[in-house]
Structure formats: C-alpha cells, structure tokens
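**Student:** Quick one: structure below, then a few questions.
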Amino acid sequence: LRGNHEDPCINTAFGFADECEERLMDDLESADSAFCAINRLFEWLPLAAVIENKILCVHGGIGSMLNTISDIEVLQRPLTIVHEEPNEEQQLLIDVLWSDPTDNDQNLGIENNVIRDPNETGTIVRFGPDRVESFLKKNDLSLIVRGHECVMDGIVRFAQGQLITVFSATDYFGKHKNAGAALFVQKNFEILPKLIFPLDTN
C-alpha cells in the first residue's frame, strides 16, 4: 500500500534522490531518471486494502475526510500529493497517508497534528476513537490496521482495540531501540502479532 514516503517531496528529504544519484548515476533533472520513474509508479499504488470485508488496512488513517470505503474507491489514479491548500480530493489523500490517532482514547474528535504539521495548516490531523467507532459502524467493518508511527512494542491498540498501529522496522533510525511487528490474521479474524526484536550489537 502507498505510504506518505511514496511522494517525491518526502522521499527526497529522506535521501532517496541522493541514493538514486549515487548508486544509479541518475540524472535527477531528467524525466527519464529512475527517481522520476519510481515516483510515477508510486502514484499508481493502492491506498487501502480490505481483508474479507472486515479489516481496513491503510498507511495513515481516516483523518477528518474519510467516511466510506467508496471515498477511496472513486479516487482516480495516478494521484499526486498536494501539501499546500489541497482541494477536497487531495485532502482525503493526505488523511489516508498522513493522519494519526489521538494520543489516547480520551481525546475525541479531530485535532491538528502539530508534530507532523508544525505550521498548523490544518491539513494533517489526529482522529479520536469516536471517529474510529463511527467509521467502522458505517462501513460494517471490525478493525482498522495502519502503520505510519514508530511504536516501541511493534504494535499498539487504540479505540478499545478497534484500531491497531503496526510498525515493522526495528530500532528505527538506529536510535529508537523499538521492536517491530507483523500481524497474522486467523480465519476467525483473531489478530496474532509476531514481534521482531532489534539485534543485540553488544
């Protein structure tokens, strides 16, 4: 599924353009460069998946704009991410790729995400457990699974277990010492996490 780093603005800032230039001798000014071709491919990646009509998987979350699965289905790919003054469709894309749950189950509604949006443009938000519950009920779903945040134990549950954040990269950036995790969905929809611990380099 597409994540927020499948965007030339973000993956350039995190070193992907430099890597293409150094490893592939890429001409970043050329529209035929590997960097441009890969980012064009990213624009076609799916934004979500639904497992057995019960579990929604997205990278970020449901934000303030996503109300039904069909809101995603009607988006016409390729999709370019517009960070400044997005229209309604572009805001929906930002919500799916960038939004996070609130800090805990007591924080309801929608709030600005000042960590990811320090200029407080209002385009990147946090959504409360009430949003999760109403979205699941409206779409006849039982669970949302998402990534996007480094969590120390590899997974964390939100909205009384109706949303799970899973993060598979261990020891993120070589400094967080976090575990990673993978989720296994059983036939009865029970979710079994498999934890992956950082290598002990001592």
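Each chain of the structure tokens is named A, B, ... in the order shown, its residues numbered from 1; ligands are numbered from 1 in display order.
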If we count only C-alpha atoms, what is near region 115-120 of chain A at a cut-off of 10 Å, once residues fewer than 4 positions away on the same chain are taken out, given as a list of chain:residue names?
**Tutor:**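 Skipping anything fewer than 4 positions along the chain leaves A:Trp98, A:Ser99, A:Asp100, A:Ile124, A:Val125, A:Arg126.
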**Student:** Atoms to include: N, CA, C and O atoms. Write the selected residues as a short mmCIF file (atom, residue, chain, number, x, y, z; two decimals), in the first residue's frame.
**Tutor:**
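So again-v3.cif came out as:
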```cif
data_model
loop_
_atom_site.label_atom_id
_atom_site.label_comp_id
_atom_site.auth_asym_id
_atom_site.auth_seq_id
_atom_site.Cartn_x
_atom_site.Cartn_y
_atom_site.Cartn_z
N TRP A 98 -1.35 10.44 5.95
CA TRP A 98 -0.65 11.18 6.98
C TRP A 98 -1.30 11.21 8.36
O TRP A 98 -0.64 11.53 9.35
N SER A 99 -2.61 10.95 8.47
CA SER A 99 -3.27 11.16 9.76
C SER A 99 -2.90 10.09 10.78
O SER A 99 -2.52 8.97 10.42
N ASP A 100 -3.00 10.45 12.04
CA ASP A 100 -2.68 9.56 13.17
C ASP A 100 -3.85 9.55 14.14
O ASP A 100 -4.62 10.52 14.20
N ILE A 124 -2.93 18.16 8.24
CA ILE A 124 -2.57 16.88 8.86
C ILE A 124 -3.19 16.84 10.25
O ILE A 124 -2.92 17.71 11.09
N VAL A 125 -4.02 15.84 10.49
CA VAL A 125 -4.81 15.82 11.72
C VAL A 125 -4.65 14.51 12.48
O VAL A 125 -4.12 13.52 11.97
N ARG A 126 -5.15 14.53 13.71
CA ARG A 126 -5.32 13.33 14.53
C ARG A 126 -6.81 13.09 14.68
O ARG A 126 -7.59 14.04 14.78
#
```
**Student:** Do you know which residues are at most 12 Å from region 17-29 of chain A counting only C-alpha atoms, after dropping those on the same chain fewer than 6 positions away, and could you put them as a compact mmCIF listing (two decimals) with C-alpha atoms, in the first residue's frame?
**Tutor:**
```txt
# COMPACT_ATOMS: atom_id res chain seq x y z
CA ASP A 7 5.95 11.13 -2.59
CA PRO A 8 8.94 12.86 -4.25
CA CYS A 9 8.90 15.75 -1.75
CA ILE A 10 9.21 13.40 1.21
CA ASN A 11 11.48 10.72 -0.21
CA PHE A 35 13.96 8.54 -9.46
CA CYS A 36 11.17 10.07 -11.57
CA ALA A 37 10.06 6.71 -12.95
CA ILE A 38 9.80 5.16 -9.48
CA ASN A 39 7.86 8.14 -8.15
```
**Student:** Quick one: residues within 9 Å of Asp140 (chain A), only C-alpha atoms counted, chain neighbours fewer than 4 positions away excluded, as a ChimeraX atom specification?
**Tutor:** /A:53-54,135-136
**Student:** As a PyMOL selection string, please: the residues near region 168-173 of chain A (cut-off 7 Å, only C-alpha atoms, same-chain neighbours under 3 positions excluded).
**Tutor:** chain A and resi 154+176-182+196-198
**Student:** Which value, in Å to one decimal, gives the distance between CA of Gln91 (chain A) and CA of Leu47 (chain A)?
**Tutor:**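 Distance between the two atoms: 13.5 Å.
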**Student:** Please extract the residues of region 15-194 of chain A with a backbone DSSP assignment of strand (DSSP E or B) and present them as a ChimeraX atom specification.
**Tutor:** /A:48-51,55-58,100-101,110-112,125-127,143-146,153,155-158,163-166,179-185,191-194
**Student:** Kindly export the residues of the current selection with C-alpha atoms, as an mmCIF file, in the first residue's frame.
**Tutor:**
```cif
data_model
loop_
_atom_site.group_PDB
_atom_site.id
_atom_site.type_symbol
_atom_site.label_atom_id
_atom_site.label_comp_id
_atom_site.auth_asym_id
_atom_site.auth_seq_id
_atom_site.Cartn_x
_atom_site.Cartn_y
_atom_site.Cartn_z
ATOM 1 C CA ALA A 48 -6.021 0.772 1.020
ATOM 2 C CA ALA A 49 -6.931 -2.889 1.228
ATOM 3 C CA VAL A 50 -9.906 -4.588 2.859
ATOM 4 C CA ILE A 51 -9.439 -8.096 4.258
ATOM 5 C CA ILE A 55 -10.437 -5.217 8.203
ATOM 6 C CA LEU A 56 -9.361 -1.945 6.583
ATOM 7 C CA CYS A 57 -5.632 -1.527 6.023
ATOM 8 C CA VAL A 58 -4.184 1.927 5.301
ATOM 9 C CA ASP A 100 -2.682 9.565 13.167
ATOM 10 C CA PRO A 101 -4.897 8.553 16.088
ATOM 11 C CA ILE A 110 -10.388 15.804 15.254
ATOM 12 C CA GLU A 111 -7.355 17.827 16.323
ATOM 13 C CA ASN A 112 -4.448 19.404 14.472
ATOM 14 C CA VAL A 125 -4.810 15.817 11.723
ATOM 15 C CA ARG A 126 -5.315 13.335 14.532
ATOM 16 C CA PHE A 127 -8.607 11.449 14.850
ATOM 17 C CA LEU A 143 -10.911 -3.238 12.613
ATOM 18 C CA ILE A 144 -8.520 -0.688 11.108
ATOM 19 C CA VAL A 145 -4.855 -1.672 10.746
ATOM 20 C CA ARG A 146 -2.382 1.092 9.982
ATOM 21 C CA ASP A 153 6.498 -2.609 21.187
ATOM 22 C CA ILE A 155 2.124 -2.717 17.853
ATOM 23 C CA VAL A 156 -0.246 -0.549 19.859
ATOM 24 C CA ARG A 157 -4.035 -0.758 20.145
ATOM 25 C CA PHE A 158 -6.370 2.242 20.066
ATOM 26 C CA LEU A 163 -7.552 0.173 15.563
ATOM 27 C CA ILE A 164 -4.059 -1.330 15.597
ATOM 28 C CA THR A 165 -0.867 0.513 14.679
ATOM 29 C CA VAL A 166 1.824 -1.896 13.468
ATOM 30 C CA ALA A 179 10.690 -3.757 18.435
ATOM 31 C CA GLY A 180 8.996 -4.342 15.094
ATOM 32 C CA ALA A 181 5.958 -6.478 14.456
ATOM 33 C CA ALA A 182 3.981 -8.358 11.824
ATOM 34 C CA LEU A 183 0.308 -9.225 12.204
ATOM 35 C CA PHE A 184 -1.190 -12.585 11.278
ATOM 36 C CA VAL A 185 -4.949 -12.688 10.656
ATOM 37 C CA ILE A 191 -5.056 -10.982 15.207
ATOM 38 C CA LEU A 192 -1.800 -12.603 16.282
ATOM 39 C CA PRO A 193 1.204 -10.280 16.472
ATOM 40 C CA LYS A 194 4.698 -11.606 15.829
#
```
**Student:** Please extract the residues of region 15-85 of chain A with a backbone DSSP assignment of helix (DSSP H, G or I) and present them as number ranges by chain.
**Tutor:** A: 16-24, 34-42, 69-73
**Student:** Hey, which of A:Asp71, A:Glu52, A:Ser30, A:His59 ends up closest to Asn188 (chain A)? Count only C-alpha atoms.
**Tutor:** A:Glu52
**Student:** For Gly122 (chain A), which of A:Asn4, A:Thr12, A:Thr102, A:Ser64 is the closest residue, counting only C-alpha atoms?
**Tutor:** A:Ser64
**Student:** Any idea what the distance is between CA of Asn87 (chain A) and CA of Ala34 (chain A)?
**Tutor:**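 Computing it gives 29.4 Å between the two atoms.
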**Student:** So what do you get for CA of Asp95 (chain A) versus CA of Phe42 (chain A), distance-wise?
**Tutor:** 17.0 Å
